[in-house]
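K.L.:
Provided below: my_file38.txt, containing compact mmCIF, C-alpha atoms.
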# COMPACT_ATOMS: atom_id res chain seq x y z
CA MET P 21 0.00 0.00 0.00
CA ALA P 22 1.38 3.39 -1.04
CA ALA P 23 0.21 5.03 2.20
CA ALA P 24 2.51 2.70 4.16
CA VAL P 25 5.66 4.08 2.51
CA PRO P 26 7.26 6.65 4.85
CA ARG P 27 7.59 10.21 3.45
CA GLY P 28 11.38 10.17 3.68
CA ARG P 29 11.53 7.08 1.52
CA ILE P 30 9.38 8.71 -1.18
CA ARG P 31 11.59 11.77 -1.25
CA THR P 32 14.70 9.57 -1.49
CA ASP P 33 13.23 7.65 -4.43
CA ALA P 34 12.38 10.91 -6.18
CA ALA P 35 15.90 12.23 -5.63
CA ARG P 36 17.36 8.96 -6.88
CA ASN P 37 15.20 9.16 -10.02
CA ALA P 38 16.29 12.74 -10.64
CA GLU P 39 19.95 11.74 -10.29
CA ARG P 40 19.50 8.82 -12.69
CA ILE P 41 17.73 11.07 -15.22
CA VAL P 42 20.49 13.69 -15.03
CA ALA P 43 23.23 11.07 -15.47
CA ALA P 44 21.38 9.53 -18.44
CA ALA P 45 20.86 13.02 -19.93
CA TRP P 46 24.58 13.72 -19.63
CA GLN P 47 25.44 10.56 -21.60
CA THR P 48 22.75 11.16 -24.21
CA PHE P 49 23.54 14.87 -24.74
CA THR P 50 27.23 14.02 -25.03
CA GLU P 51 26.49 11.42 -27.72
CA HIS P 52 23.74 13.20 -29.69
CA GLY P 53 24.02 16.91 -28.78
CA ALA P 54 20.86 18.95 -29.27
CA ASP P 55 19.27 16.02 -31.18
CA ALA P 56 19.10 13.94 -27.98
CA GLN P 57 15.56 12.61 -27.45
CA LEU P 58 13.93 12.92 -24.03
CA GLY P 59 12.39 9.45 -24.64
CA GLU P 60 15.87 7.91 -24.91
CA ILE P 61 16.98 9.70 -21.75
CA ALA P 62 13.98 8.34 -19.81
CA ARG P 63 14.64 4.82 -21.14
CA ARG P 64 18.32 4.97 -20.16
CA ALA P 65 17.40 6.26 -16.71
CA GLY P 66 14.89 3.40 -16.33
CA VAL P 67 11.95 5.76 -15.72
CA GLY P 68 8.78 6.53 -17.65
CA PRO P 69 8.41 9.75 -19.68
CA ALA P 70 5.88 11.05 -17.11
CA THR P 71 8.48 10.73 -14.34
CA LEU P 72 11.04 12.58 -16.47
CA TYR P 73 8.60 15.44 -17.20
CA ARG P 74 7.63 15.66 -13.51
CA HIS P 75 11.29 16.48 -12.75
CA PHE P 76 12.25 18.44 -15.88
CA ALA P 77 9.71 20.32 -18.02
CA ASN P 78 11.93 20.47 -21.11
CA LYS P 79 15.36 19.89 -22.61
CA ASP P 80 16.67 23.23 -21.40
CA GLU P 81 15.85 22.48 -17.74
CA LEU P 82 17.53 19.12 -18.12
CA ALA P 83 20.63 20.66 -19.68
CA ARG P 84 20.84 23.14 -16.78
CA ALA P 85 20.57 20.31 -14.25
CA VAL P 86 23.34 18.41 -16.05
CA LEU P 87 25.52 21.53 -16.00
CA GLN P 88 24.87 22.09 -12.30
CA TRP P 89 25.82 18.49 -11.58
CA ARG P 90 29.01 18.60 -13.63
CA PHE P 91 29.94 21.96 -12.06
CA SER P 92 29.52 20.53 -8.57
CA GLU P 93 31.67 17.51 -9.54
CA ASP P 94 34.35 19.15 -11.70
CA MET P 95 34.57 22.75 -10.50
CA GLU P 96 33.48 23.02 -6.86
CA PRO P 97 36.34 20.92 -5.39
CA VAL P 98 38.91 22.87 -7.47
CA ILE P 99 37.39 26.20 -6.42
CA GLU P 100 37.55 25.13 -2.75
CA ARG P 101 41.21 24.10 -3.06
CA ALA P 102 42.10 27.26 -5.01
CA LEU P 103 40.49 29.50 -2.36
CA GLN P 104 42.63 27.79 0.28
CA ASP P 105 45.84 27.86 -1.79
CA THR P 106 48.44 30.11 -0.14
CA ASP P 107 49.78 30.99 -3.63
CA PRO P 108 47.01 33.05 -5.30
CA TRP P 109 48.74 32.87 -8.71
CA HIS P 110 48.57 29.09 -8.55
CA GLY P 111 44.95 29.30 -7.41
CA MET P 112 44.15 31.47 -10.44
CA VAL P 113 45.72 28.94 -12.83
CA MET P 114 43.81 26.09 -11.16
CA VAL P 115 40.32 27.59 -11.49
CA TRP P 116 40.88 28.78 -15.07
CA GLU P 117 42.26 25.39 -16.11
CA ALA P 118 39.30 23.60 -14.52
CA ALA P 119 36.82 25.98 -16.21
CA LEU P 120 38.36 25.46 -19.63
CA ASN P 121 38.62 21.72 -19.23
CA MET P 122 34.95 21.66 -18.23
CA ALA P 123 34.00 23.89 -21.19
CA ILE P 124 35.72 21.48 -23.60
CA GLN P 125 34.34 18.34 -21.99
CA GLU P 126 30.78 19.64 -21.62
CA ARG P 127 30.66 21.55 -24.92
CA HIS P 128 27.63 19.55 -26.09
CA ILE P 129 25.63 20.39 -22.99
CA LEU P 130 26.77 24.02 -23.06
CA SER P 131 25.60 24.34 -26.65
CA ILE P 132 22.16 23.00 -25.70
CA SER P 133 21.76 25.24 -22.68
CA ARG P 134 20.11 28.52 -23.73
CA ASN P 135 22.87 30.57 -22.16
CA PRO P 136 25.75 29.88 -24.56
CA VAL P 137 28.46 30.05 -21.89
CA ILE P 138 27.13 28.50 -18.72
CA ALA P 139 24.05 28.92 -16.53
CA ALA P 140 24.24 32.38 -14.97
CA ASP P 141 24.31 31.16 -11.35
CA LEU P 142 27.29 28.88 -12.07
CA ALA P 143 29.07 31.71 -13.91
CA ASP P 144 28.50 33.91 -10.82
CA ARG P 145 29.95 31.26 -8.53
CA PHE P 146 32.99 30.91 -10.78
CA ASN P 147 33.48 34.68 -11.13
CA ASP P 148 33.13 35.29 -7.38
CA ALA P 149 35.85 32.73 -6.65
CA LEU P 150 38.15 33.99 -9.42
CA ALA P 151 37.70 37.63 -8.35
CA GLU P 152 38.53 36.75 -4.74
CA ILE P 153 41.69 34.86 -5.74
CA VAL P 154 42.83 37.60 -8.15
CA HIS P 155 42.22 40.24 -5.47
CA ARG P 156 44.61 38.32 -3.19
CA ALA P 157 47.14 38.17 -6.05
CA GLN P 158 46.78 41.94 -6.49
CA VAL P 159 47.38 42.54 -2.77
CA ALA P 160 50.52 40.38 -3.13
CA LYS P 161 51.54 42.53 -6.17
CA LEU P 162 51.52 39.47 -8.41
CA VAL P 163 48.72 40.85 -10.61
CA ARG P 164 48.42 44.44 -11.90
CA ALA P 165 46.05 46.54 -9.81
CA ASP P 166 43.89 47.73 -12.72
CA ILE P 167 42.34 44.33 -13.50
CA SER P 168 38.66 44.42 -12.47
CA ARG P 169 36.05 41.72 -11.97
CA ASP P 170 34.55 42.63 -15.38
CA ASP P 171 37.99 42.18 -16.93
CA LEU P 172 38.21 38.66 -15.49
CA LEU P 173 34.85 37.88 -17.06
CA ALA P 174 36.07 39.25 -20.41
CA LEU P 175 39.29 37.23 -20.20
CA THR P 176 37.32 34.07 -19.42
CA MET P 177 35.03 34.73 -22.41
CA MET P 178 38.09 35.21 -24.62
CA LEU P 179 39.59 31.92 -23.45
CA LEU P 180 36.29 30.08 -23.95
CA ASN P 181 36.24 31.51 -27.48
CA VAL P 182 39.47 29.67 -28.37
CA ALA P 183 38.82 26.75 -26.00
CA GLY P 184 38.38 24.23 -28.81
CA TRP P 185 41.55 25.19 -30.70
CA GLY P 186 44.61 23.05 -31.16
CA GLY P 187 43.56 19.95 -33.08
CA PRO P 188 42.27 16.70 -31.59
CA THR P 189 43.63 17.35 -28.10
CA GLN P 190 41.78 20.71 -28.00
CA GLN P 191 44.36 22.05 -25.56
CA GLY P 192 45.21 25.17 -27.57
CA TRP P 193 43.63 27.30 -24.86
CA ARG P 194 46.60 26.44 -22.59
CA ARG P 195 48.85 28.62 -24.72
CA TYR P 196 46.43 31.56 -24.53
CA LEU P 197 45.88 31.12 -20.82
CA VAL P 198 49.65 31.55 -20.30
CA LEU P 199 49.64 34.55 -22.65
CA LEU P 200 46.69 36.22 -20.89
CA MET P 201 48.27 35.54 -17.51
CA ASP P 202 51.45 37.23 -18.74
CA ALA P 203 49.21 40.21 -19.59
CA MET P 204 48.14 40.31 -15.95
CA ARG P 205 51.68 40.59 -14.58
CA PRO P 206 52.67 44.07 -13.38
CA GLN P 207 55.98 43.93 -15.32
CA ALA P 208 54.59 44.81 -18.78
CA ALA P 209 51.56 46.80 -17.66
CA THR P 210 50.67 49.99 -19.52
CA PRO P 211 47.61 52.12 -18.61
CA LEU P 212 44.32 50.50 -19.64
CA PRO P 213 41.57 52.68 -21.12
CA PRO P 214 38.31 52.52 -19.10
CA ILE P 215 35.66 50.17 -20.49
CA MET K 11 19.66 49.77 -80.96
CA ALA K 12 21.37 47.63 -78.38
CA ALA K 13 24.02 46.51 -80.90
CA ALA K 14 25.15 50.11 -81.29
CA VAL K 15 26.19 50.38 -77.65
CA PRO K 16 29.96 49.83 -77.39
CA ARG K 17 31.02 46.87 -75.23
CA GLY K 18 32.91 49.04 -72.77
CA ARG K 19 29.78 51.04 -72.10
CA ILE K 20 27.76 47.90 -71.33
CA ARG K 21 30.38 46.68 -68.89
CA THR K 22 30.44 50.08 -67.20
CA ASP K 23 26.66 50.06 -66.79
CA ALA K 24 26.81 46.57 -65.30
CA ALA K 25 29.55 47.62 -62.89
CA ARG K 26 27.57 50.69 -61.91
CA ASN K 27 24.48 48.55 -61.27
CA ALA K 28 26.53 46.15 -59.14
CA GLU K 29 27.92 49.06 -57.11
CA ARG K 30 24.45 50.52 -56.59
CA ILE K 31 23.10 47.12 -55.50
CA VAL K 32 25.96 46.63 -53.03
CA ALA K 33 25.51 50.10 -51.54
CA ALA K 34 21.74 49.52 -51.22
CA ALA K 35 22.39 46.11 -49.65
CA TRP K 36 24.73 47.69 -47.10
CA GLN K 37 22.02 50.16 -46.01
CA THR K 38 19.30 47.52 -45.95
CA PHE K 39 21.35 44.89 -44.06
CA THR K 40 22.41 47.54 -41.54
CA GLU K 41 18.76 48.49 -40.92
CA HIS K 42 17.12 45.06 -41.04
CA GLY K 43 19.91 42.50 -40.49
CA ALA K 44 19.22 38.99 -41.81
CA ASP K 45 15.55 39.94 -42.37
CA ALA K 46 16.53 42.31 -45.20
CA GLN K 47 14.50 41.55 -48.33
CA LEU K 48 16.27 41.29 -51.70
CA GLY K 49 13.21 43.01 -53.23
CA GLU K 50 13.78 46.08 -51.08
CA ILE K 51 17.47 46.10 -51.96
CA ALA K 52 16.67 46.02 -55.69
CA ARG K 53 14.11 48.82 -55.26
CA ARG K 54 16.59 51.01 -53.37
CA ALA K 55 19.25 50.34 -55.99
CA GLY K 56 16.78 51.31 -58.73
CA VAL K 57 17.14 47.98 -60.54
CA GLY K 58 14.74 45.12 -61.22
CA PRO K 59 14.93 41.84 -59.26
CA ALA K 60 16.27 40.08 -62.40
CA THR K 61 19.22 42.48 -62.56
CA LEU K 62 19.94 41.89 -58.88
CA TYR K 63 19.88 38.09 -59.30
CA ARG K 64 22.10 38.32 -62.40
CA HIS K 65 24.79 39.89 -60.19
CA PHE K 66 24.15 38.08 -56.89
CA ALA K 67 22.50 34.64 -56.69
CA ASN K 68 21.49 34.97 -53.04
CA LYS K 69 21.73 36.95 -49.83
CA ASP K 70 25.02 35.32 -48.87
CA GLU K 71 26.79 36.40 -52.10
CA LEU K 72 25.45 39.88 -51.59
CA ALA K 73 26.67 39.99 -47.97
CA ARG K 74 30.14 38.90 -49.13
CA ALA K 75 30.20 41.64 -51.78
CA VAL K 76 29.20 44.21 -49.14
CA LEU K 77 31.98 42.96 -46.86
CA GLN K 78 34.54 43.13 -49.65
CA TRP K 79 33.48 46.69 -50.44
CA ARG K 80 33.61 47.82 -46.80
CA PHE K 81 36.98 46.09 -46.36
CA SER K 82 38.42 47.90 -49.39
CA GLU K 83 37.08 51.21 -48.04
CA ASP K 84 37.75 50.84 -44.29
CA MET K 85 40.67 48.41 -44.01
CA GLU K 86 42.82 48.55 -47.16
CA PRO K 87 44.00 52.18 -46.73
CA VAL K 88 44.84 51.52 -43.05
CA ILE K 89 46.71 48.31 -43.93
CA GLU K 90 48.72 50.19 -46.56
CA ARG K 91 49.64 52.95 -44.11
CA ALA K 92 50.46 50.44 -41.35
CA LEU K 93 52.77 48.47 -43.65
CA GLN K 94 54.65 51.69 -44.41
CA ASP K 95 54.76 52.86 -40.78
CA THR K 96 58.35 52.94 -39.52
CA ASP K 97 57.06 52.06 -36.01
CA PRO K 98 55.75 48.48 -36.26
CA TRP K 99 54.10 48.69 -32.81
CA HIS K 100 52.05 51.66 -34.03
CA GLY K 101 51.25 49.77 -37.25
CA MET K 102 50.00 46.82 -35.17
CA VAL K 103 47.68 49.08 -33.14
CA MET K 104 46.37 50.70 -36.34
CA VAL K 105 45.34 47.52 -38.13
CA TRP K 106 43.79 45.95 -35.01
CA GLU K 107 41.84 49.13 -34.24
CA ALA K 108 40.58 49.33 -37.82
CA ALA K 109 39.56 45.64 -37.79
CA LEU K 110 37.63 46.00 -34.53
CA ASN K 111 35.96 49.22 -35.60
CA MET K 112 34.91 47.51 -38.82
CA ALA K 113 33.66 44.45 -36.91
CA ILE K 114 31.46 46.68 -34.71
CA GLN K 115 30.21 48.83 -37.57
CA GLU K 116 29.51 45.93 -39.93
CA ARG K 117 28.23 43.49 -37.29
CA HIS K 118 24.91 43.11 -39.10
CA ILE K 119 26.57 42.13 -42.36
CA LEU K 120 29.08 39.87 -40.58
CA SER K 121 26.22 38.04 -38.86
CA ILE K 122 24.52 37.43 -42.24
CA SER K 123 27.67 36.22 -43.94
CA ARG K 124 27.98 32.47 -43.45
CA ASN K 125 31.48 32.79 -42.06
CA PRO K 126 30.77 34.35 -38.66
CA VAL K 127 33.96 36.39 -38.57
CA ILE K 128 34.71 37.64 -42.05
CA ALA K 129 34.98 36.22 -45.55
CA ALA K 130 38.05 33.96 -45.60
CA ASP K 131 39.88 35.88 -48.31
CA LEU K 132 39.56 39.14 -46.38
CA ALA K 133 40.68 37.41 -43.18
CA ASP K 134 43.76 36.17 -45.07
CA ARG K 135 44.55 39.66 -46.34
CA PHE K 136 44.24 41.03 -42.80
CA ASN K 137 46.31 38.23 -41.25
CA ASP K 138 49.07 38.51 -43.86
CA ALA K 139 49.44 42.23 -43.14
CA LEU K 140 49.28 41.79 -39.36
CA ALA K 141 51.82 38.94 -39.44
CA GLU K 142 54.22 41.03 -41.53
CA ILE K 143 53.97 44.00 -39.18
CA VAL K 144 54.34 41.84 -36.06
CA HIS K 145 57.36 40.11 -37.59
CA ARG K 146 59.00 43.54 -37.97
CA ALA K 147 58.12 44.32 -34.34
CA GLN K 148 59.73 41.02 -33.32
CA VAL K 149 62.90 41.82 -35.24
CA ALA K 150 62.95 45.18 -33.40
CA LYS K 151 62.50 43.26 -30.08
CA LEU K 152 59.24 45.11 -29.38
CA VAL K 153 57.19 41.88 -29.47
CA ARG K 154 58.13 38.55 -27.86
CA ALA K 155 59.64 36.12 -30.37
CA ASP K 156 57.29 33.22 -29.59
CA ILE K 157 54.13 34.86 -31.02
CA SER K 158 53.18 33.03 -34.24
CA ARG K 159 50.81 33.86 -37.08
CA ASP K 160 48.28 31.42 -35.57
CA ASP K 161 48.56 33.27 -32.27
CA LEU K 162 47.71 36.56 -34.00
CA LEU K 163 44.63 34.90 -35.46
CA ALA K 164 43.64 33.61 -32.01
CA LEU K 165 44.18 37.05 -30.44
CA THR K 166 42.05 38.66 -33.15
CA MET K 167 39.29 36.10 -32.53
CA MET K 168 39.46 36.83 -28.81
CA LEU K 169 39.15 40.58 -29.42
CA LEU K 170 36.25 40.08 -31.85
CA ASN K 171 34.59 38.00 -29.12
CA VAL K 172 34.47 41.01 -26.78
CA ALA K 173 34.18 43.58 -29.58
CA GLY K 174 30.65 44.61 -28.66
CA TRP K 175 31.33 45.10 -24.94
CA GLY K 176 31.27 48.37 -23.08
CA GLY K 177 27.74 49.74 -23.31
CA PRO K 178 26.36 51.98 -26.05
CA THR K 179 29.79 53.12 -27.29
CA GLN K 180 30.85 49.48 -27.76
CA GLN K 181 34.47 50.48 -27.27
CA GLY K 182 35.21 47.95 -24.52
CA TRP K 183 37.53 46.10 -26.89
CA ARG K 184 39.99 49.02 -26.61
CA ARG K 185 40.77 47.97 -23.04
CA TYR K 186 41.39 44.36 -24.08
CA LEU K 187 43.47 45.36 -27.08
CA VAL K 188 45.81 47.24 -24.70
CA LEU K 189 45.84 44.25 -22.34
CA LEU K 190 46.62 41.76 -25.13
CA MET K 191 49.30 44.04 -26.50
CA ASP K 192 50.86 44.14 -23.03
CA ALA K 193 50.89 40.32 -23.23
CA MET K 194 52.96 40.61 -26.39
CA ARG K 195 55.72 42.69 -24.81
CA PRO K 196 58.90 40.78 -24.04
CA GLN K 197 59.05 42.22 -20.47
CA ALA K 198 56.50 39.87 -18.88
CA ALA K 199 56.95 36.89 -21.21
CA THR K 200 57.02 33.39 -19.74
CA PRO K 201 57.40 30.25 -21.91
CA LEU K 202 54.25 29.45 -23.91
CA PRO K 203 53.15 25.81 -24.23
CA PRO K 204 52.95 24.65 -27.88
CA ILE K 205 49.45 24.70 -29.40
Written as structure tokens, how would this file's structure read?

P.N.:
Amino acid sequence: MAAAVPRGRIRTDAARNAERIVAAAWQTFTEHGADAQLGEIARRAGVGPATLYRHFANKDELARAVLQWRFSEDMEPVIERALQDTDPWHGMVMVWEAALNMAIQERHILSISRNPVIAADLADRFNDALAEIVHRAQVAKLVRADISRDDLLALTMMLLNVAGWGGPTQQGWRRYLVLLMDAMRPQAATPLPPI
Amino acid sequence: MAAAVPRGRIRTDAARNAERIVAAAWQTFTEHGADAQLGEIARRAGVGPATLYRHFANKDELARAVLQWRFSEDMEPVIERALQDTDPWHGMVMVWEAALNMAIQERHILSISRNPVIAADLADRFNDALAEIVHRAQVAKLVRADISRDDLLALTMMLLNVAGWGGPTQQGWRRYLVLLMDAMRPQAATPLPPI
């Protein structure tokens, strides 16, 4: 009898279903991109279409959930370590490398998500962490003082723009990350015009 | 009698028609973007639809012709001056500024053209000039030696990516041009990983 199932158990089952759907969506989006069928995702997750729609109204919601999941797996631990790193320059490299690796790996899901870069809340979380680390690097005179939070966003956009370069390994962005980080050093700094 | 018209005259009329169509297309694309109607372009140019189609088979061909015209007007004179500039750093700034100004001004036509950045032949012309100027700057030790032609292309792509930033004036790219040019100075250079 359904009434005999404790509430906590129901919630746990629902959460488990949502997790299975998101994992199945990740696989399916990665294989088929925007052509991925919600029916196939439900089948892979072992749930009915009605269960899938109860959790996610459309493909965009599903893509956002996949992004949030991958961000929490791939980015959050790196951000935590970078914030605790005593060398802010190293912390900066770590979060940018993780972001670009994630952008390459999850390019199919990012292209499905309506926001072409990343869901806005995840971008905020990334930018907050990066701005905090760069501020520490500025206090330590490792980064020029005139780099603003908006500049960090622009630099990240620029790197994402060339993220897929460099042939099959798609690691061309590493070269431009080093180049942009050289631009942030105080040694070669000339006055920047205001945006 | 048509036969009495000298051949040179016919060719001149055709060229004049093509010029009028391209100028009308520029105006119409700028106002209406990809929604611009070929019928309106023909009307503005004072030619019939058949004449328009004889010169340009479709919207894409027309957008390319507009780009080529704007490039020859806005970029070619700057490229010529930059190649003759005795200060290669100044020449570099000139061609990049002209390219970004053109990208902002012709954004509607660039978004119609199938190649999202610029017609490939124009991109080649721009890159050849930029590479030649930067090579001179490298010989003069003004630019780090490890910047390649591919890097210049990547830097241009990055700048185009943020070309529209900075509110209504859309001059935010100026800040990032200065920042990327600082990255090119030998003073702050660290070894770049290969692409």

K.L.:
Considering all atoms listed in the file, can you say which of K:Arg195, K:Ile51, K:Leu162, K:Glu107 comes closest to Asp134 in chain K?

P.N.:
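Among the listed residues, K:Leu162 lies closest to Asp134 in chain K.
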
K.L.:
Could you state the separation of CA of Arg164 in chain P and CA of Asn147 in chain P in Å, given to one decimal place?

P.N.:
17.9 Å

K.L.:
Near Ala33 in chain K, within 12 Å and counting all atoms listed in the file, which residues show up once chain neighbours fewer than 6 positions away are dropped, as a ChimeraX atom specification?

P.N.:
/K:26-27,39-40,51-52,54-56,72-73,75-80

K.L.:
Do a neighbour search on Lys151 in chain K at 12 Å with only C-alpha atoms, toss out local chain neighbours closer than 6 positions, and write the hits as a count of residues only.

P.N.:
10

K.L.:
Do you have the CA of Met95 in chain P-CA of Asp161 in chain K distance handy?

P.N.:
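Answer for the CA of Met95 in chain P to CA of Asp161 in chain K separation: 27.9 Å.
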
K.L.:
Which residues of chain P are close to chain K, meaning at most 6 Å apart when you count all atoms listed in the file, and how do they look as a list in words?

P.N.:
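For chain P, the answer reads Met178, Gly186, Gly192, Arg195, Leu199, Asp202, Ala203, Gln207, Ala208, Leu212, Pro213 and Ile215 of chain P.
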
K.L.:
Give me the residues near range 100-102 of chain K as an MDAnalysis selection string, where near means some atom within 9 Å (using all atoms listed in the file) and where sequence neighbours in that chain fewer than 4 positions away do not count.

P.N.:
chainID K and resid 88:89 91:96 106:107 140 143:144 147

K.L.:
If I take CA of Val103 in chain K and CA of Arg146 in chain K, how far is one from the other in Å, to one decimal?

P.N.:
13.5 Å

K.L.:
Can you find the residues with an atom no farther than 12 Å from (12.6, 7.2, -24.0), counting all atoms listed in the file, and report them as a ChimeraX atom specification?

P.N.:
/P:41,44-45,48,56-73

K.L.:
How large is the C-alpha RMSD when chain P is optimally fitted onto chain K, using all Cα positions paired one-to-one in sequence order?

P.N.:
0.1 Å

K.L.:
Step by step, gather every atom of range 41-52 of chain K that the file lists, find the box along x, y and z that holds them, add 6 Å on each side, and finally give centre and edge lengths in Å to one decimal, as JSON.

P.N.:
{"center_x": 16.6, "center_y": 43.7, "center_z": -48.1, "size_x": 18.7, "size_y": 21.5, "size_z": 27.2}

K.L.:
Using all atoms listed in the file and a cutoff of 10 Å, can you tell me which residues are near (42.7, 40.5, -51.5) in the file's coordinates, and write them out as a tab-separated table (two decimals) with C-alpha atoms, in the frame of the given file?

P.N.:
chain	number	residue	atom	x	y	z
K	78	GLN	CA	34.54	43.13	-49.65
K	81	PHE	CA	36.98	46.09	-46.36
K	82	SER	CA	38.42	47.90	-49.39
K	86	GLU	CA	42.82	48.55	-47.16
K	130	ALA	CA	38.05	33.96	-45.60
K	131	ASP	CA	39.88	35.88	-48.31
K	132	LEU	CA	39.56	39.14	-46.38
K	133	ALA	CA	40.68	37.41	-43.18
K	134	ASP	CA	43.76	36.17	-45.07
K	135	ARG	CA	44.55	39.66	-46.34
K	136	PHE	CA	44.24	41.03	-42.80

K.L.:
Counting only C-alpha atoms, which of P:Ser133, P:Thr32, P:Arg40, P:Gln47 gets nearest to Asn78 in chain P?

P.N.:
P:Ser133

K.L.:
Once you've located range 163-179 of chain P in the structure I gave, write it as a short mmCIF file (atom, residue, chain, number, x, y, z; two decimals), in the first residue's frame, keeping N, CA and C atoms.

P.N.:
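Result saved to result27.cif:
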data_model
loop_
_atom_site.label_atom_id
_atom_site.label_comp_id
_atom_site.auth_asym_id
_atom_site.auth_seq_id
_atom_site.Cartn_x
_atom_site.Cartn_y
_atom_site.Cartn_z
N VAL P 163 49.59 40.48 -9.49
CA VAL P 163 48.72 40.85 -10.61
C VAL P 163 48.56 42.37 -10.61
N ARG P 164 48.58 42.99 -11.79
CA ARG P 164 48.42 44.44 -11.90
C ARG P 164 47.12 44.89 -11.23
N ALA P 165 47.17 46.08 -10.64
CA ALA P 165 46.05 46.54 -9.81
C ALA P 165 44.83 46.93 -10.62
N ASP P 166 45.01 47.19 -11.93
CA ASP P 166 43.89 47.73 -12.72
C ASP P 166 42.99 46.66 -13.33
N ILE P 167 43.22 45.40 -13.00
CA ILE P 167 42.34 44.33 -13.50
C ILE P 167 41.10 44.27 -12.61
N SER P 168 39.92 44.42 -13.23
CA SER P 168 38.66 44.42 -12.47
C SER P 168 37.94 43.07 -12.63
N ARG P 169 36.87 42.92 -11.85
CA ARG P 169 36.05 41.72 -11.97
C ARG P 169 35.48 41.56 -13.39
N ASP P 170 35.06 42.68 -14.00
CA ASP P 170 34.55 42.63 -15.38
C ASP P 170 35.64 42.17 -16.35
N ASP P 171 36.88 42.60 -16.06
CA ASP P 171 37.99 42.18 -16.93
C ASP P 171 38.18 40.66 -16.86
N LEU P 172 38.04 40.11 -15.65
CA LEU P 172 38.21 38.66 -15.49
C LEU P 172 37.15 37.92 -16.30
N LEU P 173 35.93 38.46 -16.27
CA LEU P 173 34.85 37.88 -17.06
C LEU P 173 35.19 37.93 -18.55
N ALA P 174 35.70 39.10 -19.00
CA ALA P 174 36.07 39.25 -20.41
C ALA P 174 37.19 38.27 -20.78
N LEU P 175 38.18 38.14 -19.91
CA LEU P 175 39.29 37.23 -20.20
C LEU P 175 38.80 35.78 -20.28
N THR P 176 37.88 35.43 -19.38
CA THR P 176 37.32 34.07 -19.42
C THR P 176 36.56 33.83 -20.73
N MET P 177 35.76 34.83 -21.14
CA MET P 177 35.03 34.73 -22.41
C MET P 177 35.99 34.54 -23.58
N MET P 178 37.09 35.30 -23.55
CA MET P 178 38.09 35.21 -24.62
C MET P 178 38.69 33.81 -24.68
N LEU P 179 38.99 33.26 -23.50
CA LEU P 179 39.59 31.92 -23.45
C LEU P 179 38.58 30.87 -23.92
#
